[in-house]
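Listing of final.cif; format and content: mmCIF, C-alpha atoms.
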```cif
data_input
#
loop_
_atom_site.group_PDB
_atom_site.id
_atom_site.type_symbol
_atom_site.label_atom_id
_atom_site.label_comp_id
_atom_site.auth_asym_id
_atom_site.auth_seq_id
_atom_site.Cartn_x
_atom_site.Cartn_y
_atom_site.Cartn_z
ATOM 1 C CA MET F 11 163.671 28.101 128.608
ATOM 2 C CA PRO F 12 161.870 31.057 130.208
ATOM 3 C CA VAL F 13 163.805 34.087 131.355
ATOM 4 C CA THR F 14 163.672 34.869 135.046
ATOM 5 C CA VAL F 15 162.396 38.316 135.997
ATOM 6 C CA HIS F 16 162.694 39.278 139.657
ATOM 7 C CA PHE F 17 160.079 41.892 140.546
ATOM 8 C CA ALA F 18 161.867 43.730 143.358
ATOM 9 C CA ALA F 19 159.815 46.914 143.472
ATOM 10 C CA GLY F 20 157.831 46.053 146.593
ATOM 11 C CA SER F 21 154.562 44.295 147.343
ATOM 12 C CA ALA F 22 152.447 47.431 146.912
ATOM 13 C CA ALA F 23 153.783 47.918 143.390
ATOM 14 C CA TRP F 24 153.255 44.248 142.580
ATOM 15 C CA ARG F 25 149.533 44.602 143.314
ATOM 16 C CA GLU F 26 149.434 47.120 140.461
ATOM 17 C CA TYR F 27 151.647 45.113 138.095
ATOM 18 C CA HIS F 28 150.660 41.500 138.742
ATOM 19 C CA ASP F 29 148.213 41.463 135.806
ATOM 20 C CA GLN F 30 149.886 43.964 133.502
ATOM 21 C CA LEU F 31 153.509 42.774 133.499
ATOM 22 C CA PRO F 32 152.885 39.084 132.614
ATOM 23 C CA ARG F 33 150.539 40.180 129.841
ATOM 24 C CA ALA F 34 153.052 42.699 128.462
ATOM 25 C CA LEU F 35 155.843 40.119 128.450
ATOM 26 C CA ALA F 36 153.633 37.632 126.624
ATOM 27 C CA ASP F 37 152.599 40.294 124.099
ATOM 28 C CA ALA F 38 156.305 41.014 123.482
ATOM 29 C CA GLY F 39 156.890 37.333 122.730
ATOM 30 C CA VAL F 40 158.901 36.770 125.911
ATOM 31 C CA GLU F 41 158.435 33.549 127.864
ATOM 32 C CA ALA F 42 159.157 34.624 131.409
ATOM 33 C CA GLU F 43 158.950 33.439 134.986
ATOM 34 C CA ILE F 44 158.300 36.318 137.374
ATOM 35 C CA LEU F 45 159.660 35.925 140.898
ATOM 36 C CA LEU F 46 158.764 38.024 143.923
ATOM 37 C CA ALA F 47 161.731 36.587 145.798
ATOM 38 C CA ALA F 48 165.082 35.349 144.561
ATOM 39 C CA PRO F 49 166.367 32.475 146.714
ATOM 40 C CA ASP F 50 169.041 31.884 144.064
ATOM 41 C CA PRO F 51 170.152 35.317 142.791
ATOM 42 C CA ALA F 52 172.462 33.727 140.212
ATOM 43 C CA LYS F 53 169.397 32.490 138.303
ATOM 44 C CA VAL F 54 167.892 35.960 137.861
ATOM 45 C CA ASP F 55 168.078 37.378 134.329
ATOM 46 C CA TYR F 56 166.397 40.764 134.923
ATOM 47 C CA ILE F 57 165.449 42.842 137.951
ATOM 48 C CA VAL F 58 162.462 45.177 137.955
ATOM 49 C CA PHE F 59 163.331 47.697 140.636
ATOM 50 C CA ALA F 60 162.011 50.738 142.466
ATOM 51 C CA PRO F 61 163.531 52.522 145.462
ATOM 52 C CA GLY F 62 162.139 51.046 148.635
ATOM 53 C CA GLY F 63 162.115 47.574 147.135
ATOM 54 C CA GLU F 64 163.873 44.522 148.531
ATOM 55 C CA ILE F 65 167.379 44.856 147.074
ATOM 56 C CA GLU F 66 170.209 46.957 148.431
ATOM 57 C CA ASN F 67 173.083 44.698 147.400
ATOM 58 C CA PHE F 68 173.128 43.731 143.714
ATOM 59 C CA SER F 69 176.388 41.777 143.924
ATOM 60 C CA PRO F 70 174.816 38.289 144.200
ATOM 61 C CA PHE F 71 172.948 38.782 140.912
ATOM 62 C CA VAL F 72 175.969 37.770 138.878
ATOM 63 C CA ASN F 73 174.024 36.757 135.748
ATOM 64 C CA CYS F 74 171.551 39.639 135.746
ATOM 65 C CA LYS F 75 171.509 41.278 132.305
ATOM 66 C CA ALA F 76 169.845 44.556 133.342
ATOM 67 C CA VAL F 77 168.151 46.364 136.207
ATOM 68 C CA LEU F 78 164.974 48.018 134.932
ATOM 69 C CA ASN F 79 163.826 50.919 137.094
ATOM 70 C CA LEU F 80 160.120 51.663 137.427
ATOM 71 C CA TRP F 81 160.783 55.339 138.142
ATOM 72 C CA ALA F 82 161.994 58.044 135.788
ATOM 73 C CA GLY F 83 164.375 59.282 138.491
ATOM 74 C CA VAL F 84 167.391 57.129 139.323
ATOM 75 C CA GLU F 85 169.160 59.306 141.895
ATOM 76 C CA ARG F 86 168.376 56.827 144.674
ATOM 77 C CA ILE F 87 169.992 53.889 142.891
ATOM 78 C CA VAL F 88 172.625 55.182 140.480
ATOM 79 C CA GLY F 89 175.188 55.701 143.245
ATOM 80 C CA ASN F 90 174.872 52.138 144.590
ATOM 81 C CA ARG F 91 178.385 50.728 144.249
ATOM 82 C CA THR F 92 177.149 47.134 144.164
ATOM 83 C CA LEU F 93 175.193 47.888 141.004
ATOM 84 C CA THR F 94 177.408 46.831 138.108
ATOM 85 C CA GLN F 95 174.604 45.676 135.802
ATOM 86 C CA PRO F 96 173.204 47.954 133.072
ATOM 87 C CA LEU F 97 170.571 50.268 134.558
ATOM 88 C CA ALA F 98 167.597 51.530 132.539
ATOM 89 C CA ARG F 99 165.336 54.321 133.725
ATOM 90 C CA MET F 100 161.617 54.407 132.998
ATOM 91 C CA VAL F 101 160.372 56.510 130.105
ATOM 92 C CA ASP F 102 156.659 55.798 130.174
ATOM 93 C CA PRO F 103 154.681 57.404 127.329
ATOM 94 C CA ALA F 104 151.603 57.796 129.524
ATOM 95 C CA MET F 105 153.695 59.454 132.224
ATOM 96 C CA THR F 106 155.023 61.862 129.592
ATOM 97 C CA GLU F 107 151.478 62.683 128.512
ATOM 98 C CA SER F 108 150.345 63.357 132.065
ATOM 99 C CA MET F 109 153.393 65.554 132.729
ATOM 100 C CA VAL F 110 152.690 67.590 129.609
ATOM 101 C CA GLU F 111 149.063 68.042 130.647
ATOM 102 C CA TRP F 112 150.027 69.158 134.161
ATOM 103 C CA VAL F 113 152.702 71.567 132.926
ATOM 104 C CA VAL F 114 150.485 73.077 130.240
ATOM 105 C CA GLY F 115 147.580 73.383 132.664
ATOM 106 C CA HIS F 116 149.541 75.268 135.301
ATOM 107 C CA THR F 117 151.361 77.373 132.719
ATOM 108 C CA LEU F 118 148.018 78.485 131.270
ATOM 109 C CA ARG F 119 146.652 79.064 134.760
ATOM 110 C CA HIS F 120 149.418 81.559 135.522
ATOM 111 C CA HIS F 121 149.584 82.994 132.000
ATOM 112 C CA LEU F 122 145.863 83.813 132.020
ATOM 113 C CA GLY F 123 145.796 84.925 135.660
ATOM 114 C CA MET F 124 143.038 82.460 136.483
ATOM 115 C CA ASP F 125 143.597 82.638 140.252
ATOM 116 C CA LEU F 126 142.418 86.257 140.292
ATOM 117 C CA HIS F 127 138.907 85.147 139.396
ATOM 118 C CA ILE F 128 138.777 81.621 140.790
ATOM 119 C CA LEU F 129 139.930 82.687 144.274
ATOM 120 C CA HIS F 130 137.981 85.955 144.455
ATOM 121 C CA GLN F 131 134.299 85.170 143.999
ATOM 122 C CA ASP F 132 133.371 88.229 146.026
ATOM 123 C CA GLY F 133 131.027 90.208 143.769
ATOM 124 C CA ILE F 134 133.720 92.558 142.448
ATOM 125 C CA TRP F 135 133.817 92.838 138.631
ATOM 126 C CA ARG F 136 137.545 92.671 137.848
ATOM 127 C CA ASN F 137 137.879 93.249 134.130
ATOM 128 C CA ASP F 138 140.689 95.797 134.130
ATOM 129 C CA ILE F 139 143.499 93.274 133.514
ATOM 130 C CA THR F 140 143.943 91.741 130.069
ATOM 131 C CA PRO F 141 146.595 89.014 129.934
ATOM 132 C CA PRO F 142 148.985 88.895 126.991
ATOM 133 C CA ILE F 143 148.491 86.234 124.353
ATOM 134 C CA ALA F 144 150.861 83.282 124.340
ATOM 135 C CA ARG F 145 153.246 84.610 121.678
ATOM 136 C CA GLU F 146 153.898 87.587 123.948
ATOM 137 C CA ARG F 147 154.922 85.401 126.906
ATOM 138 C CA SER F 148 158.343 83.784 127.437
ATOM 139 C CA VAL F 149 158.332 80.397 129.134
ATOM 140 C CA ALA F 150 161.530 78.547 130.055
ATOM 141 C CA ILE F 151 161.977 74.789 130.376
ATOM 142 C CA LEU F 152 165.063 73.848 132.395
ATOM 143 C CA GLY F 153 165.859 70.272 131.415
ATOM 144 C CA LEU F 154 165.259 69.017 127.885
ATOM 145 C CA GLY F 155 165.034 65.286 128.413
ATOM 146 C CA ALA F 156 161.986 63.311 127.307
ATOM 147 C CA LEU F 157 159.639 65.138 129.678
ATOM 148 C CA GLY F 158 161.093 68.618 129.187
ATOM 149 C CA GLN F 159 161.177 68.344 125.416
ATOM 150 C CA ALA F 160 157.588 67.086 125.251
ATOM 151 C CA ALA F 161 156.365 69.885 127.538
ATOM 152 C CA GLY F 162 158.319 72.515 125.623
ATOM 153 C CA GLU F 163 156.976 71.331 122.277
ATOM 154 C CA ALA F 164 153.394 71.418 123.596
ATOM 155 C CA LEU F 165 153.840 74.987 124.845
ATOM 156 C CA ALA F 166 155.431 76.006 121.549
ATOM 157 C CA ARG F 167 152.388 74.659 119.691
ATOM 158 C CA LEU F 168 150.304 77.050 121.803
ATOM 159 C CA ASN F 169 152.566 79.861 120.497
ATOM 160 C CA PHE F 170 154.462 80.558 123.721
ATOM 161 C CA ARG F 171 157.998 81.834 123.226
ATOM 162 C CA VAL F 172 159.717 78.758 124.628
ATOM 163 C CA LEU F 173 163.278 78.916 125.922
ATOM 164 C CA GLY F 174 165.073 75.695 126.758
ATOM 165 C CA TRP F 175 168.164 74.963 128.807
ATOM 166 C CA SER F 176 170.075 71.708 129.170
ATOM 167 C CA ARG F 177 173.529 70.556 130.173
ATOM 168 C CA SER F 178 174.543 69.938 126.550
ATOM 169 C CA LEU F 179 173.206 72.076 123.714
ATOM 170 C CA LYS F 180 170.232 70.631 121.862
ATOM 171 C CA SER F 181 168.368 71.605 118.717
ATOM 172 C CA ILE F 182 164.587 71.280 119.027
ATOM 173 C CA PRO F 183 162.184 72.924 116.556
ATOM 174 C CA GLY F 184 160.104 75.615 118.234
ATOM 175 C CA ILE F 185 162.401 75.890 121.267
ATOM 176 C CA ASP F 186 165.181 78.458 121.644
ATOM 177 C CA CYS F 187 167.812 76.155 123.145
ATOM 178 C CA HIS F 188 170.715 77.181 125.394
ATOM 179 C CA SER F 189 173.317 75.400 127.503
ATOM 180 C CA GLY F 190 176.075 76.144 129.987
ATOM 181 C CA GLU F 191 176.205 78.776 132.713
ATOM 182 C CA GLU F 192 175.991 81.685 130.295
ATOM 183 C CA GLY F 193 173.019 80.073 128.571
ATOM 184 C CA LEU F 194 171.291 79.554 131.913
ATOM 185 C CA ASN F 195 171.763 83.199 132.810
ATOM 186 C CA THR F 196 170.284 84.221 129.454
ATOM 187 C CA VAL F 197 167.262 81.969 129.837
ATOM 188 C CA LEU F 198 166.540 83.034 133.415
ATOM 189 C CA SER F 199 166.805 86.738 132.588
ATOM 190 C CA ARG F 200 164.131 86.414 129.898
ATOM 191 C CA ALA F 201 161.709 83.911 131.451
ATOM 192 C CA GLU F 202 158.382 85.053 132.865
ATOM 193 C CA ILE F 203 157.457 81.462 133.714
ATOM 194 C CA VAL F 204 160.142 78.874 134.582
ATOM 195 C CA ILE F 205 159.455 75.135 134.594
ATOM 196 C CA LEU F 206 161.951 72.771 136.236
ATOM 197 C CA LEU F 207 162.245 69.329 134.650
ATOM 198 C CA MET F 208 165.877 68.439 135.289
ATOM 199 C CA PRO F 209 167.183 65.242 136.837
ATOM 200 C CA LEU F 210 168.601 65.523 140.346
ATOM 201 C CA THR F 211 172.398 65.306 140.368
ATOM 202 C CA ALA F 212 175.176 66.890 142.406
ATOM 203 C CA GLU F 213 175.311 69.648 139.776
ATOM 204 C CA THR F 214 171.578 70.408 139.750
ATOM 205 C CA GLU F 215 170.859 70.301 143.501
ATOM 206 C CA ASN F 216 169.922 73.832 144.639
ATOM 207 C CA LEU F 217 170.246 75.047 141.047
ATOM 208 C CA MET F 218 167.560 77.631 141.795
ATOM 209 C CA ASN F 219 169.395 79.406 144.594
ATOM 210 C CA ALA F 220 169.188 83.034 145.681
ATOM 211 C CA ALA F 221 171.511 84.290 142.946
ATOM 212 C CA ARG F 222 169.627 82.563 140.133
ATOM 213 C CA LEU F 223 166.212 83.526 141.468
ATOM 214 C CA ALA F 224 167.441 87.130 141.480
ATOM 215 C CA ARG F 225 168.155 86.884 137.730
ATOM 216 C CA LEU F 226 164.487 86.289 136.924
ATOM 217 C CA PRO F 227 162.299 89.200 135.839
ATOM 218 C CA ARG F 228 160.554 90.528 138.931
ATOM 219 C CA GLY F 229 157.309 88.660 139.568
ATOM 220 C CA ALA F 230 158.243 85.581 137.493
ATOM 221 C CA ILE F 231 156.411 82.322 138.115
ATOM 222 C CA LEU F 232 158.284 79.167 139.171
ATOM 223 C CA ILE F 233 156.767 75.741 138.428
ATOM 224 C CA ASN F 234 158.517 72.613 139.710
ATOM 225 C CA PRO F 235 157.239 69.148 138.770
ATOM 226 C CA GLY F 236 160.810 67.795 138.491
ATOM 227 C CA ARG F 237 162.706 67.207 141.738
ATOM 228 C CA GLY F 238 162.302 68.999 145.075
ATOM 229 C CA PRO F 239 166.001 69.612 145.793
ATOM 230 C CA LEU F 240 166.414 71.551 142.542
ATOM 231 C CA ILE F 241 165.250 74.539 144.612
ATOM 232 C CA ASP F 242 166.831 76.131 147.683
ATOM 233 C CA ASP F 243 163.651 76.318 149.803
ATOM 234 C CA ALA F 244 164.828 79.169 152.026
ATOM 235 C CA ALA F 245 165.963 81.212 149.031
ATOM 236 C CA LEU F 246 162.613 80.670 147.309
ATOM 237 C CA LEU F 247 160.634 81.756 150.372
ATOM 238 C CA ALA F 248 162.745 84.902 150.650
ATOM 239 C CA ALA F 249 162.251 85.651 146.941
ATOM 240 C CA LEU F 250 158.493 85.159 147.307
ATOM 241 C CA ASP F 251 158.334 87.446 150.346
ATOM 242 C CA ARG F 252 160.003 90.330 148.517
ATOM 243 C CA GLY F 253 158.042 89.816 145.289
ATOM 244 C CA GLN F 254 161.000 88.736 143.189
ATOM 245 C CA VAL F 255 159.109 85.507 142.496
ATOM 246 C CA GLY F 256 155.398 86.127 142.039
ATOM 247 C CA HIS F 257 154.191 82.582 142.666
ATOM 248 C CA ALA F 258 155.606 79.074 143.004
ATOM 249 C CA THR F 259 153.609 76.005 142.002
ATOM 250 C CA LEU F 260 155.390 72.994 143.468
ATOM 251 C CA ASP F 261 154.635 69.311 142.973
ATOM 252 C CA VAL F 262 157.845 67.819 144.415
ATOM 253 C CA PHE F 263 159.690 68.406 147.674
ATOM 254 C CA ARG F 264 162.802 67.445 149.625
ATOM 255 C CA ASN F 265 160.684 65.496 152.087
ATOM 256 C CA GLU F 266 157.468 63.827 151.008
ATOM 257 C CA PRO F 267 154.768 63.975 152.127
ATOM 258 C CA LEU F 268 155.503 67.665 152.711
ATOM 259 C CA PRO F 269 155.435 68.136 156.525
ATOM 260 C CA LYS F 270 152.387 70.014 157.803
ATOM 261 C CA GLU F 271 154.595 72.607 159.465
ATOM 262 C CA HIS F 272 156.480 73.481 156.285
ATOM 263 C CA PRO F 273 156.005 77.169 155.386
ATOM 264 C CA PHE F 274 155.083 76.322 151.791
ATOM 265 C CA TRP F 275 151.648 75.200 153.007
ATOM 266 C CA ALA F 276 150.746 78.561 154.497
ATOM 267 C CA HIS F 277 152.429 80.920 152.034
ATOM 268 C CA PRO F 278 149.832 82.865 150.022
ATOM 269 C CA ASN F 279 151.940 82.710 146.860
ATOM 270 C CA VAL F 280 152.718 78.992 146.895
ATOM 271 C CA THR F 281 150.588 76.215 145.431
ATOM 272 C CA VAL F 282 151.367 72.730 146.753
ATOM 273 C CA THR F 283 150.301 69.686 144.766
ATOM 274 C CA PRO F 284 151.103 66.240 146.217
ATOM 275 C CA HIS F 285 153.499 64.768 143.612
ATOM 276 C CA VAL F 286 150.709 64.133 141.114
ATOM 277 C CA ALA F 287 152.099 65.738 137.960
ATOM 278 C CA ALA F 288 153.204 62.435 136.465
ATOM 279 C CA SER F 289 153.062 58.914 137.790
ATOM 280 C CA THR F 290 154.224 55.703 136.184
ATOM 281 C CA ARG F 291 151.219 53.874 134.738
ATOM 282 C CA PRO F 292 151.362 50.068 135.120
ATOM 283 C CA LEU F 293 149.819 49.343 131.705
ATOM 284 C CA THR F 294 152.245 51.410 129.634
ATOM 285 C CA ALA F 295 155.232 50.964 131.958
ATOM 286 C CA SER F 296 154.866 47.181 131.739
ATOM 287 C CA ALA F 297 155.149 47.459 127.968
ATOM 288 C CA VAL F 298 158.416 49.408 128.351
ATOM 289 C CA ILE F 299 159.810 46.787 130.741
ATOM 290 C CA ALA F 300 158.761 43.968 128.421
ATOM 291 C CA GLU F 301 160.372 45.636 125.417
ATOM 292 C CA ASN F 302 163.663 45.960 127.267
ATOM 293 C CA VAL F 303 163.562 42.294 128.268
ATOM 294 C CA ARG F 304 162.829 41.364 124.650
ATOM 295 C CA ARG F 305 165.763 43.504 123.528
ATOM 296 C CA GLY F 306 168.070 41.890 126.047
ATOM 297 C CA GLU F 307 167.139 38.423 124.860
ATOM 298 C CA ALA F 308 167.534 39.432 121.201
ATOM 299 C CA GLY F 309 170.944 41.017 121.785
ATOM 300 C CA GLU F 310 169.625 44.477 120.919
ATOM 301 C CA PRO F 311 170.570 47.677 122.797
ATOM 302 C CA PHE F 312 168.472 48.434 125.869
ATOM 303 C CA LEU F 313 166.247 51.494 125.848
ATOM 304 C CA TYR F 314 166.860 54.421 128.244
ATOM 305 C CA LEU F 315 170.179 53.280 129.668
ATOM 306 C CA VAL F 316 171.523 55.480 132.453
ATOM 307 C CA ASP F 317 174.857 57.256 132.023
ATOM 308 C CA ARG F 318 176.468 56.545 135.400
ATOM 309 C CA ALA F 319 178.903 59.470 135.052
ATOM 310 C CA ARG F 320 176.097 61.958 134.488
ATOM 311 C CA GLY F 321 173.781 60.324 136.991
ATOM 312 C CA TYR F 322 170.775 60.017 134.663
#
```

In structure tokens, how does this file's structure come out?
Amino acid sequence: MPVTVHFAAGSAAWREYHDQLPRALADAGVEAEILLAAPDPAKVDYIVFAPGGEIENFSPFVNCKAVLNLWAGVERIVGNRTLTQPLARMVDPAMTESMVEWVVGHTLRHHLGMDLHILHQDGIWRNDITPPIARERSVAILGLGALGQAAGEALARLNFRVLGWSRSLKSIPGIDCHSGEEGLNTVLSRAEIVILLMPLTAETENLMNAARLARLPRGAILINPGRGPLIDDAALLAALDRGQVGHATLDVFRNEPLPKEHPFWAHPNVTVTPHVAASTRPLTASAVIAENVRRGEAGEPFLYLVDRARGY
């Protein structure tokens, strides 16, 4: 008997997944019926979900074995009190690759001072500044989950001195790992480039506030492809204005699209990119969803289960 998969991530998402997900389930050896609506919630075995989809109340889905999120972030669902089913976040290998490429690209851009030449094609021969080589530059990754670890390892392979910070202490070859408040202070005080790749929780919101920005070496670069609310916007603008932060490259924001009147757009030392660092790719994400359905049917542990207490 086929398993019932309710695709509740919205009609726009279904247009991207309607070919890929059935194929991935078949390739995983799963006989499945995919529903875009669930007139009988009790018959649903799995829910494929994304914020903005059709479900706010998960209570009627009494036989659902797991809710499989299409996004890496779960902050918009993890607090839903009707959600009692296991919740798995998305760890898409293609999304990880694209995040690594974006992070490495912007890190190298700032490390090499590329903007000086790209933005000043004015006939002046500026060859009086020689950037350090990578092993002379300290780069910090705040958040050592799948994305942070992959980005940190890529930077370490380029010989950057990579510092890492996470809630619990980790051991990762090539990364000088720290944890806790004291560890965060140590990392920030040494980092010339800081990359934010933490999940958004009550503890991480506004993590980069005025006090922590002040701990950075003067002129440090801040790169945020993680979550917009990790940064206190007003504190960052003040730090940019006084030169404490040399430049901020931001891909994520509290409100998206970023309103046209937001001061980030006009600030000379801010680069805005429109949440393009890493997107879920239907081909590879469908394979992750299918593998979790296969695991559920085989009685194996689900991949990427969310710790409700931690919020990620």

Any chance you could work out the residue set of the PyMOL selection byres ((chain F and resi 76) around 8) here, as a short mmCIF file (atom, residue, chain, number, x, y, z; two decimals) with C-alpha atoms, in the frame of the given file?
```cif
data_model
loop_
_atom_site.label_atom_id
_atom_site.label_comp_id
_atom_site.auth_asym_id
_atom_site.auth_seq_id
_atom_site.Cartn_x
_atom_site.Cartn_y
_atom_site.Cartn_z
CA ASP F 55 168.08 37.38 134.33
CA TYR F 56 166.40 40.76 134.92
CA ILE F 57 165.45 42.84 137.95
CA CYS F 74 171.55 39.64 135.75
CA LYS F 75 171.51 41.28 132.30
CA VAL F 77 168.15 46.36 136.21
CA LEU F 78 164.97 48.02 134.93
CA GLN F 95 174.60 45.68 135.80
CA PRO F 96 173.20 47.95 133.07
CA LEU F 97 170.57 50.27 134.56
CA ALA F 98 167.60 51.53 132.54
CA GLY F 306 168.07 41.89 126.05
#
```

* Close residues, segment 295-303 of chain F itself excluded, 6 Å, all atoms listed in the file, min 4 positions apart in chain, as a PyMOL selection string -> chain F and resi 31+34-35+102+291+312

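Residues surrounding His277 of chain F within 12 Å are F:Leu246, F:Leu247, F:Ala248, F:Leu250, F:Asp251, F:Gly256, F:His257, F:Ala258, F:Thr259, F:Glu271, F:His272, F:Pro273, F:Thr281, F:Val282 [all atoms listed in the file; sequence separation below 4 positions excluded].
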
* Any chance you could resolve the PyMOL selection byres ((chain F and resi 41) around 10) against this file and give the residues as JSON, numbers by chain? => {"F": [11, 12, 13, 14, 32, 35, 36, 37, 38, 39, 40, 42, 43, 44, 304]}

* For Ile87 of chain F, which of F:Leu210, F:Leu268, F:Ala23, F:Ile203 is the closest residue, counting only C-alpha atoms? -> F:Leu210

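Across the model, the gap from atom CA of His16 of chain F to atom CA of Phe71 of chain F is 10.3 Å.
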
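Taking only C-alpha atoms, the non-local environment of Arg318 of chain F within 9 Å (same-chain residues fewer than 4 positions away omitted) comprises Val88, Gly89, Leu97 and Tyr322 of chain F.
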
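Atom pair atom CA of Leu129 of chain F / atom CA of Pro142 of chain F: separated by 20.5 Å.
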
List the neighbours of segment 174-188 of chain F out to 9 Å using only C-alpha atoms; skip same-chain residues closer than 6 positions along the sequence, and give me the result as a PDB file with C-alpha atoms, in the coordinates of the input.
```
ATOM      1  CA  VAL F 149     158.332  80.397 129.134  1.00  0.00           C
ATOM      2  CA  ALA F 150     161.530  78.547 130.055  1.00  0.00           C
ATOM      3  CA  ILE F 151     161.977  74.789 130.376  1.00  0.00           C
ATOM      4  CA  LEU F 152     165.063  73.848 132.395  1.00  0.00           C
ATOM      5  CA  GLY F 153     165.859  70.272 131.415  1.00  0.00           C
ATOM      6  CA  LEU F 154     165.259  69.017 127.885  1.00  0.00           C
ATOM      7  CA  GLY F 155     165.034  65.286 128.413  1.00  0.00           C
ATOM      8  CA  GLY F 158     161.093  68.618 129.187  1.00  0.00           C
ATOM      9  CA  GLN F 159     161.177  68.344 125.416  1.00  0.00           C
ATOM     10  CA  GLY F 162     158.319  72.515 125.623  1.00  0.00           C
ATOM     11  CA  GLU F 163     156.976  71.331 122.277  1.00  0.00           C
ATOM     12  CA  ALA F 166     155.431  76.006 121.549  1.00  0.00           C
ATOM     13  CA  ARG F 167     152.388  74.659 119.691  1.00  0.00           C
ATOM     14  CA  LEU F 194     171.291  79.554 131.913  1.00  0.00           C
ATOM     15  CA  THR F 196     170.284  84.221 129.454  1.00  0.00           C
ATOM     16  CA  VAL F 197     167.262  81.969 129.837  1.00  0.00           C
ATOM     17  CA  MET F 208     165.877  68.439 135.289  1.00  0.00           C
TER      18      MET F 208
END
```

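Near His121 of chain F, within 10 Å and counting all atoms listed in the file, sit Gly115, His116, Thr117, Pro141, Pro142, Ile143, Ala144, Arg147, Ser148, Val149, Phe170, Glu202, Ile203 and Ile231 of chain F; same-chain residues fewer than 4 positions away were not included.
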